[in-house]
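Heads up, my_file.tsv below (TSV, C-alpha atoms):
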```tsv
chain	number	residue	atom	x	y	z
A	1	PHE	CA	62.50	10.53	-132.44
A	2	ILE	CA	64.70	12.64	-134.75
A	3	PRO	CA	66.92	10.83	-137.29
A	4	ALA	CA	70.63	11.45	-136.91
A	5	GLN	CA	70.94	13.13	-140.26
A	6	HIS	CA	68.23	15.62	-139.26
A	7	SER	CA	69.32	16.16	-135.66
A	8	LEU	CA	69.79	19.71	-134.48
A	9	THR	CA	73.12	21.04	-133.33
A	10	MET	CA	73.65	23.58	-130.59
A	11	ASP	CA	74.40	26.18	-133.23
A	12	ASP	CA	71.00	25.64	-134.85
A	13	VAL	CA	68.96	26.22	-131.68
A	14	PRO	CA	69.65	29.98	-131.30
A	15	SER	CA	69.06	30.63	-135.01
A	16	LEU	CA	65.73	28.77	-134.94
A	17	ALA	CA	64.64	30.64	-131.83
A	18	ILE	CA	65.56	33.97	-133.41
A	19	ASP	CA	63.71	33.05	-136.59
A	20	ARG	CA	60.55	32.20	-134.63
A	21	LEU	CA	60.85	35.45	-132.70
A	22	ARG	CA	61.19	37.48	-135.90
A	23	SER	CA	58.25	35.66	-137.47
A	24	SER	CA	56.10	36.36	-134.41
A	25	ASN	CA	57.15	39.99	-134.49
A	26	TRP	CA	56.12	40.30	-138.13
A	27	SER	CA	52.71	38.77	-137.37
A	28	GLY	CA	52.08	41.31	-134.61
A	29	SER	CA	49.23	43.79	-135.18
A	30	ILE	CA	47.85	46.90	-133.52
A	31	PRO	CA	44.10	47.73	-133.39
A	32	ILE	CA	43.47	51.26	-134.60
A	33	LEU	CA	40.38	53.46	-134.50
A	34	LEU	CA	40.61	55.98	-137.33
A	35	SER	CA	38.32	59.02	-137.31
A	36	LEU	CA	38.06	62.02	-139.60
A	37	ALA	CA	39.18	65.35	-138.14
A	38	PRO	CA	36.39	67.96	-137.85
A	39	SER	CA	38.51	70.44	-139.80
A	40	SER	CA	38.53	68.02	-142.76
A	41	LEU	CA	34.78	67.48	-142.76
A	42	SER	CA	32.64	69.08	-145.47
A	43	SER	CA	29.65	66.75	-145.38
A	44	PRO	CA	26.69	67.30	-143.04
A	45	THR	CA	26.95	63.62	-142.20
A	46	ILE	CA	29.68	62.72	-139.75
A	47	PRO	CA	31.27	59.41	-140.79
A	48	SER	CA	31.68	56.72	-138.20
A	49	PRO	CA	35.23	55.87	-137.10
A	50	ILE	CA	36.78	52.89	-138.85
A	51	HIS	CA	38.39	49.99	-136.99
A	52	VAL	CA	41.53	48.61	-138.61
A	53	LEU	CA	43.91	45.88	-137.45
A	54	LEU	CA	47.26	47.20	-138.63
A	55	SER	CA	50.50	45.28	-138.96
A	56	ARG	CA	53.49	46.55	-136.98
A	57	HIS	CA	55.69	46.23	-140.09
A	58	THR	CA	53.85	48.61	-142.36
A	59	PHE	CA	53.38	52.33	-142.85
A	60	LEU	CA	50.26	54.32	-141.99
A	61	HIS	CA	49.50	55.32	-145.58
A	62	ILE	CA	49.89	51.71	-146.71
A	63	GLY	CA	47.91	49.92	-144.02
A	64	LEU	CA	45.14	52.54	-143.80
A	65	LYS	CA	44.70	53.02	-147.54
A	66	GLU	CA	41.14	51.66	-147.77
A	67	ALA	CA	40.04	53.58	-144.68
A	68	VAL	CA	41.57	56.82	-145.99
A	69	LEU	CA	39.81	56.52	-149.35
A	70	SER	CA	36.53	55.79	-147.57
A	71	LEU	CA	36.78	58.86	-145.29
A	72	HIS	CA	38.00	61.08	-148.11
A	73	LYS	CA	34.46	61.10	-149.52
A	74	PHE	CA	33.43	63.31	-146.59
A	75	ALA	CA	36.36	65.73	-146.94
A	76	PRO	CA	36.34	69.05	-148.83
A	77	PRO	CA	37.65	68.92	-152.38
A	78	THR	CA	41.28	69.87	-152.68
A	79	ILE	CA	43.46	70.72	-155.64
A	80	SER	CA	45.88	67.91	-156.34
A	81	PHE	CA	48.56	67.68	-158.97
A	82	THR	CA	49.04	64.25	-160.47
A	83	ARG	CA	51.48	63.11	-163.08
A	84	ARG	CA	49.80	62.60	-166.43
A	85	VAL	CA	51.20	60.13	-168.92
A	86	VAL	CA	50.39	60.98	-172.52
A	87	GLU	CA	50.80	58.12	-174.97
A	88	GLU	CA	51.61	59.06	-178.52
A	89	PRO	CA	49.53	57.20	-181.10
A	90	ASP	CA	51.17	54.74	-183.44
A	91	PRO	CA	51.57	56.61	-186.77
A	92	ILE	CA	51.17	53.42	-188.79
A	93	SER	CA	47.96	52.28	-187.15
A	94	THR	CA	46.62	55.84	-187.16
A	95	SER	CA	47.16	56.28	-190.88
A	96	ASP	CA	45.54	52.92	-191.62
A	97	ASN	CA	42.50	53.83	-189.55
A	98	ASP	CA	42.18	57.21	-191.26
A	99	GLU	CA	42.29	55.60	-194.70
A	100	ALA	CA	39.69	53.02	-193.75
A	101	GLY	CA	37.31	55.71	-192.57
A	102	ASP	CA	34.72	53.22	-191.36
A	103	GLY	CA	34.81	54.49	-187.77
A	104	LYS	CA	34.77	50.97	-186.34
A	105	SER	CA	38.34	51.11	-185.05
A	106	GLY	CA	37.58	54.31	-183.17
A	107	GLU	CA	34.58	52.67	-181.52
A	108	LYS	CA	36.72	49.69	-180.48
A	109	GLU	CA	39.34	51.98	-178.96
A	110	GLU	CA	36.66	53.77	-176.95
A	111	GLU	CA	35.33	50.43	-175.71
A	112	ILE	CA	38.81	49.35	-174.61
A	113	LYS	CA	39.35	52.64	-172.76
A	114	GLU	CA	36.03	52.26	-170.98
A	115	GLU	CA	36.86	48.73	-169.88
A	116	GLN	CA	40.15	49.75	-168.26
A	117	PRO	CA	39.55	50.49	-164.54
A	118	THR	CA	40.96	53.73	-163.18
A	119	GLU	CA	42.50	53.64	-159.73
A	120	THR	CA	41.34	56.26	-157.27
A	121	PRO	CA	44.21	58.70	-156.61
A	122	TYR	CA	45.55	58.67	-153.07
A	123	PRO	CA	44.90	62.07	-151.45
A	124	VAL	CA	47.59	63.89	-149.51
A	125	CYS	CA	46.77	63.40	-145.85
A	126	TRP	CA	48.37	63.16	-142.43
A	127	PHE	CA	47.63	61.40	-139.18
A	128	GLU	CA	47.38	62.77	-135.65
A	129	ASP	CA	47.62	60.96	-132.34
A	130	GLU	CA	44.43	61.92	-130.51
A	131	ALA	CA	45.95	61.51	-127.04
A	132	THR	CA	48.87	63.89	-127.59
A	133	GLY	CA	47.69	65.94	-130.59
A	134	LEU	CA	51.05	65.31	-132.29
A	135	PRO	CA	51.38	64.52	-136.00
A	136	LEU	CA	52.57	60.98	-136.66
A	137	ARG	CA	55.70	60.66	-138.75
A	138	TRP	CA	54.59	58.58	-141.71
A	139	GLN	CA	58.14	57.44	-142.62
A	140	TYR	CA	58.30	55.22	-139.51
A	141	PHE	CA	56.79	51.76	-139.13
A	142	VAL	CA	53.49	51.57	-137.27
A	143	GLY	CA	55.10	49.46	-134.55
A	144	ILE	CA	57.70	52.15	-133.86
A	145	LEU	CA	55.03	54.83	-133.72
A	146	TRP	CA	52.94	52.77	-131.31
A	147	ASP	CA	55.88	52.05	-129.00
A	148	SER	CA	56.75	55.76	-128.97
A	149	HIS	CA	53.11	56.60	-128.24
A	150	GLN	CA	53.12	54.27	-125.23
A	151	ARG	CA	56.29	55.81	-123.81
A	152	THR	CA	54.92	59.32	-124.27
A	153	THR	CA	51.45	58.78	-122.81
A	154	GLN	CA	52.25	55.93	-120.39
A	155	LYS	CA	49.00	54.32	-121.53
A	156	ASN	CA	48.42	50.89	-123.04
A	157	GLY	CA	44.75	51.32	-123.87
A	158	MET	CA	43.54	49.92	-127.17
A	159	PRO	CA	42.43	50.59	-129.80
A	160	TRP	CA	44.90	53.33	-130.69
A	161	LYS	CA	42.85	56.40	-131.61
A	162	ILE	CA	44.19	58.25	-134.64
A	163	ARG	CA	42.69	61.31	-136.32
A	164	LEU	CA	42.87	61.71	-140.11
A	165	HIS	CA	43.48	65.13	-141.72
A	166	PHE	CA	43.19	66.19	-145.36
A	167	THR	CA	43.94	69.88	-144.76
A	168	ALA	CA	46.56	72.07	-143.03
A	169	TYR	CA	49.48	69.73	-143.64
A	170	PRO	CA	52.13	70.40	-140.92
A	171	SER	CA	55.15	70.78	-143.18
A	172	SER	CA	57.30	72.05	-140.32
A	173	GLN	CA	56.82	68.78	-138.42
A	174	LEU	CA	56.45	66.14	-141.14
A	175	LEU	CA	58.30	65.22	-144.30
A	176	GLU	CA	56.57	66.49	-147.41
A	177	LEU	CA	54.45	64.14	-149.49
A	178	ASP	CA	55.04	64.54	-153.22
A	179	ALA	CA	51.53	64.79	-154.69
A	180	GLN	CA	52.88	64.88	-158.23
A	181	SER	CA	54.72	61.57	-157.93
A	182	GLY	CA	52.02	60.09	-155.73
A	183	VAL	CA	51.66	59.55	-152.00
A	184	LEU	CA	52.43	55.82	-152.05
A	185	THR	CA	55.36	56.36	-154.42
A	186	THR	CA	56.79	58.91	-151.98
A	187	VAL	CA	56.46	56.47	-149.07
A	188	GLN	CA	58.14	53.71	-151.08
A	189	ARG	CA	60.97	55.97	-152.25
A	190	THR	CA	61.59	57.20	-148.69
A	191	PHE	CA	61.80	53.63	-147.41
A	192	LYS	CA	64.20	52.64	-150.20
A	193	ASN	CA	66.53	55.54	-149.39
A	194	ALA	CA	66.42	54.71	-145.67
A	195	LEU	CA	67.23	51.07	-146.45
A	196	LYS	CA	70.28	52.09	-148.49
A	197	GLN	CA	71.50	54.39	-145.70
A	198	ALA	CA	71.08	51.62	-143.13
A	199	LEU	CA	73.03	49.12	-145.25
A	200	VAL	CA	75.90	51.58	-145.71
A	201	LEU	CA	76.08	52.19	-141.96
A	202	GLU	CA	75.73	48.50	-141.15
A	203	HIS	CA	78.49	47.29	-143.48
A	204	GLY	CA	80.69	50.37	-143.55
A	205	HIS	CA	80.55	50.70	-147.33
A	206	ALA	CA	78.02	51.12	-150.15
A	207	LYS	CA	78.78	47.85	-151.95
A	208	VAL	CA	75.94	45.84	-150.38
A	209	ALA	CA	73.37	48.58	-151.02
A	210	LEU	CA	74.49	49.04	-154.62
A	211	ASN	CA	74.45	45.29	-155.29
A	212	MET	CA	70.79	44.96	-154.35
A	213	SER	CA	68.84	44.23	-157.51
A	214	LYS	CA	65.69	46.00	-158.56
A	215	GLN	CA	63.80	42.76	-158.01
A	216	SER	CA	65.09	42.52	-154.42
A	217	HIS	CA	63.88	46.06	-153.71
A	218	HIS	CA	60.44	45.21	-155.14
A	219	ARG	CA	60.24	42.00	-153.10
A	220	MET	CA	61.28	43.84	-149.95
A	221	TRP	CA	58.52	46.39	-150.56
A	222	ASP	CA	56.00	43.58	-151.22
A	223	ALA	CA	56.94	42.06	-147.86
A	224	ILE	CA	56.08	45.34	-146.15
A	225	VAL	CA	52.86	45.97	-148.09
A	226	ASN	CA	51.61	42.41	-147.48
A	227	SER	CA	53.26	41.99	-144.05
A	228	LYS	CA	54.88	38.71	-145.11
A	229	TYR	CA	57.93	37.55	-143.19
A	230	SER	CA	58.32	34.68	-145.65
A	231	ILE	CA	59.07	37.21	-148.41
A	232	TYR	CA	61.40	39.31	-146.27
A	233	LYS	CA	63.48	36.45	-144.82
A	234	PRO	CA	65.33	35.27	-147.99
A	235	ILE	CA	66.15	38.84	-148.98
A	236	LYS	CA	67.57	39.60	-145.54
A	237	GLU	CA	69.58	36.37	-145.55
A	238	ASP	CA	70.96	37.18	-148.99
A	239	ILE	CA	72.06	40.62	-147.82
A	240	GLN	CA	73.81	39.27	-144.72
A	241	SER	CA	75.41	36.28	-146.44
A	242	SER	CA	78.22	38.29	-148.03
A	243	THR	CA	79.60	39.96	-144.91
A	244	ASN	CA	79.23	39.75	-141.16
A	245	PRO	CA	78.43	43.30	-140.04
A	246	ASP	CA	79.47	44.44	-136.59
A	247	MET	CA	77.45	47.67	-136.55
A	248	ILE	CA	73.71	48.22	-136.12
A	249	PRO	CA	72.02	51.23	-137.81
A	250	ASN	CA	70.27	53.37	-135.23
A	251	LEU	CA	67.80	56.18	-135.93
A	252	VAL	CA	67.92	59.03	-133.41
A	253	SER	CA	65.10	61.57	-133.39
A	254	ALA	CA	63.36	63.91	-130.96
A	255	THR	CA	59.60	63.93	-130.48
A	256	GLN	CA	59.65	67.51	-129.21
A	257	ILE	CA	62.20	70.30	-129.65
A	258	PRO	CA	63.04	72.23	-126.46
A	259	SER	CA	62.37	75.96	-126.63
A	260	TYR	CA	65.97	76.76	-125.62
A	261	CYS	CA	67.45	74.64	-128.42
A	262	ASN	CA	69.00	76.22	-131.51
A	263	PRO	CA	66.70	75.21	-134.44
A	264	GLU	CA	69.67	74.88	-136.78
A	265	VAL	CA	71.11	72.22	-134.50
A	266	CYS	CA	68.11	70.47	-133.00
A	267	THR	CA	65.48	70.28	-135.75
A	268	PHE	CA	66.96	67.29	-137.49
A	269	SER	CA	67.22	63.54	-137.09
A	270	HIS	CA	70.09	61.47	-138.32
A	271	LEU	CA	71.32	57.92	-138.58
A	272	GLY	CA	74.00	56.89	-136.15
A	273	THR	CA	75.55	53.57	-135.27
A	274	ILE	CA	76.03	51.56	-132.15
A	275	GLU	CA	78.28	48.58	-131.68
A	276	ASN	CA	76.73	45.18	-132.18
A	277	GLN	CA	76.58	43.18	-128.97
A	278	SER	CA	76.10	39.45	-128.66
A	279	PHE	CA	73.25	38.17	-126.51
```

Let me see whether you can do it: turn the structure in this file into structure tokens.
Amino acid sequence: FIPAQHSLTMDDVPSLAIDRLRSSNWSGSIPILLSLAPSSLSSPTIPSPIHVLLSRHTFLHIGLKEAVLSLHKFAPPTISFTRRVVEEPDPISTSDNDEAGDGKSGEKEEEIKEEQPTETPYPVCWFEDEATGLPLRWQYFVGILWDSHQRTTQKNGMPWKIRLHFTAYPSSQLLELDAQSGVLTTVQRTFKNALKQALVLEHGHAKVALNMSKQSHHRMWDAIVNSKYSIYKPIKEDIQSSTNPDMIPNLVSATQIPSYCNPEVCTFSHLGTIENQSF
């Protein structure tokens, strides 16, 4: 029995069904078997492949972070450029410490520095689909990559076998990863730019994208990192509450470039739009 004040209307039924469908989609995962490429192996010991259950709504570098860091121990050392932050000492506290001259403050500072944990830098790497030998575009969600893999190979076998590379980055096929800013920072920045482009196409103007607060962008990214639909839902509802868009952003890209195609015309992917249709 449902009280009258809490009874559902016909308008509520489709929205509830769509919400359940979206929640189920966000909870979907793909089993992945990640192995280290022979060309990236420098250790005499071959590491065992790592099994990972990866969310459809995440990126490869995000969801496979722990596995990448684990396999990186067996890879050859590479030169990486990381951004260094140099903090200038406080002139007041420095002068006081110099006048004291007891050396105790210096010892305390060293102890504090030793207690602060240092995060392992994320190495520049790329992923290869073992079945096709094609590099996987890291700027796409894992679910999109998996669906594309199924259409290309016509196989539904699981787990999805992916090969990890730390050398010979295919710059002609993949977007560059900014090692100076950081791999994860590059992935986050790329997603943020794609989100802004999609909002402009969806609403026909840049007002919605520009009105998104910094906190909303951080919460949206947290939803992706933690695969939480409960975090994503209020942000999405807040974006759509202002206007009722009648266009859907659509990403068009080619997995392979025909040999007869002009590179200046065919070696790009762009955002287009298609009309929104009611179901």

Query - Nearest to Leu41 in chain A, chosen from A:Ala75, A:Ile239, A:Ile224, A:Val187, with all atoms listed in the file counted in the distances - result: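 So, comparing all the options, the nearest one is A:Ala75.
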
Report summary line: Using all atoms listed in the file, the residue out of A:His218, A:Leu21, A:Ile231, A:Pro121 with shortest distance to Gln180 in chain A is A:Pro121

Query raised in the report: Quick one, how far is CA of Glu176 in chain A from CA of Val225 in chain A?
Result: 20.9 Å

Report task. With a distance cut-off of 12 Å and all atoms listed in the file, select the neighbouring residues of Gln188 in chain A, excluding the residue or stretch itself and same-chain residues fewer than 4 positions from it, and output the selection as a PyMOL selection string. Result -> chain A and resi 58-59+61-62+138-140+177-178+181-184+192-195+217-218+220-222+224-225

Query - Top pick for closest residue to Ser29 in chain A, considering A:Phe191, A:Trp160, A:Trp126, A:Tyr232 and counting all atoms listed in the file - result: A:Trp160

Query raised in the report: CA of Thr167 in chain A and CA of Pro44 in chain A, how far apart in Å?
Result: 17.5 Å

Query raised in the report: What is the CA of Arg22 in chain A to CA of Asn226 in chain A distance in Å?
Result: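 Atom-to-atom, CA of Arg22 in chain A to CA of Asn226 in chain A, that is 15.8 Å.
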
Requested in this report: For each of A:Met158, A:Ser216, A:Arg56, A:Phe166, take the minimum atom-to-atom distance to Glu237 in chain A, counting only C-alpha atoms, then give the residue where this is smallest.
Outcome: A:Ser216

**Report entry** Distance query Asp129 in chain A at most 10 Å, all atoms listed in the file, self and fewer than 6 positions along chain excluded, as a count of residues only
**Finding:** 11

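Compared by their closest atoms to Val52 in chain A, and using all atoms listed in the file, the residues A:Pro159, A:Pro14, A:Pro31, A:Pro234 rank with A:Pro31 nearest.
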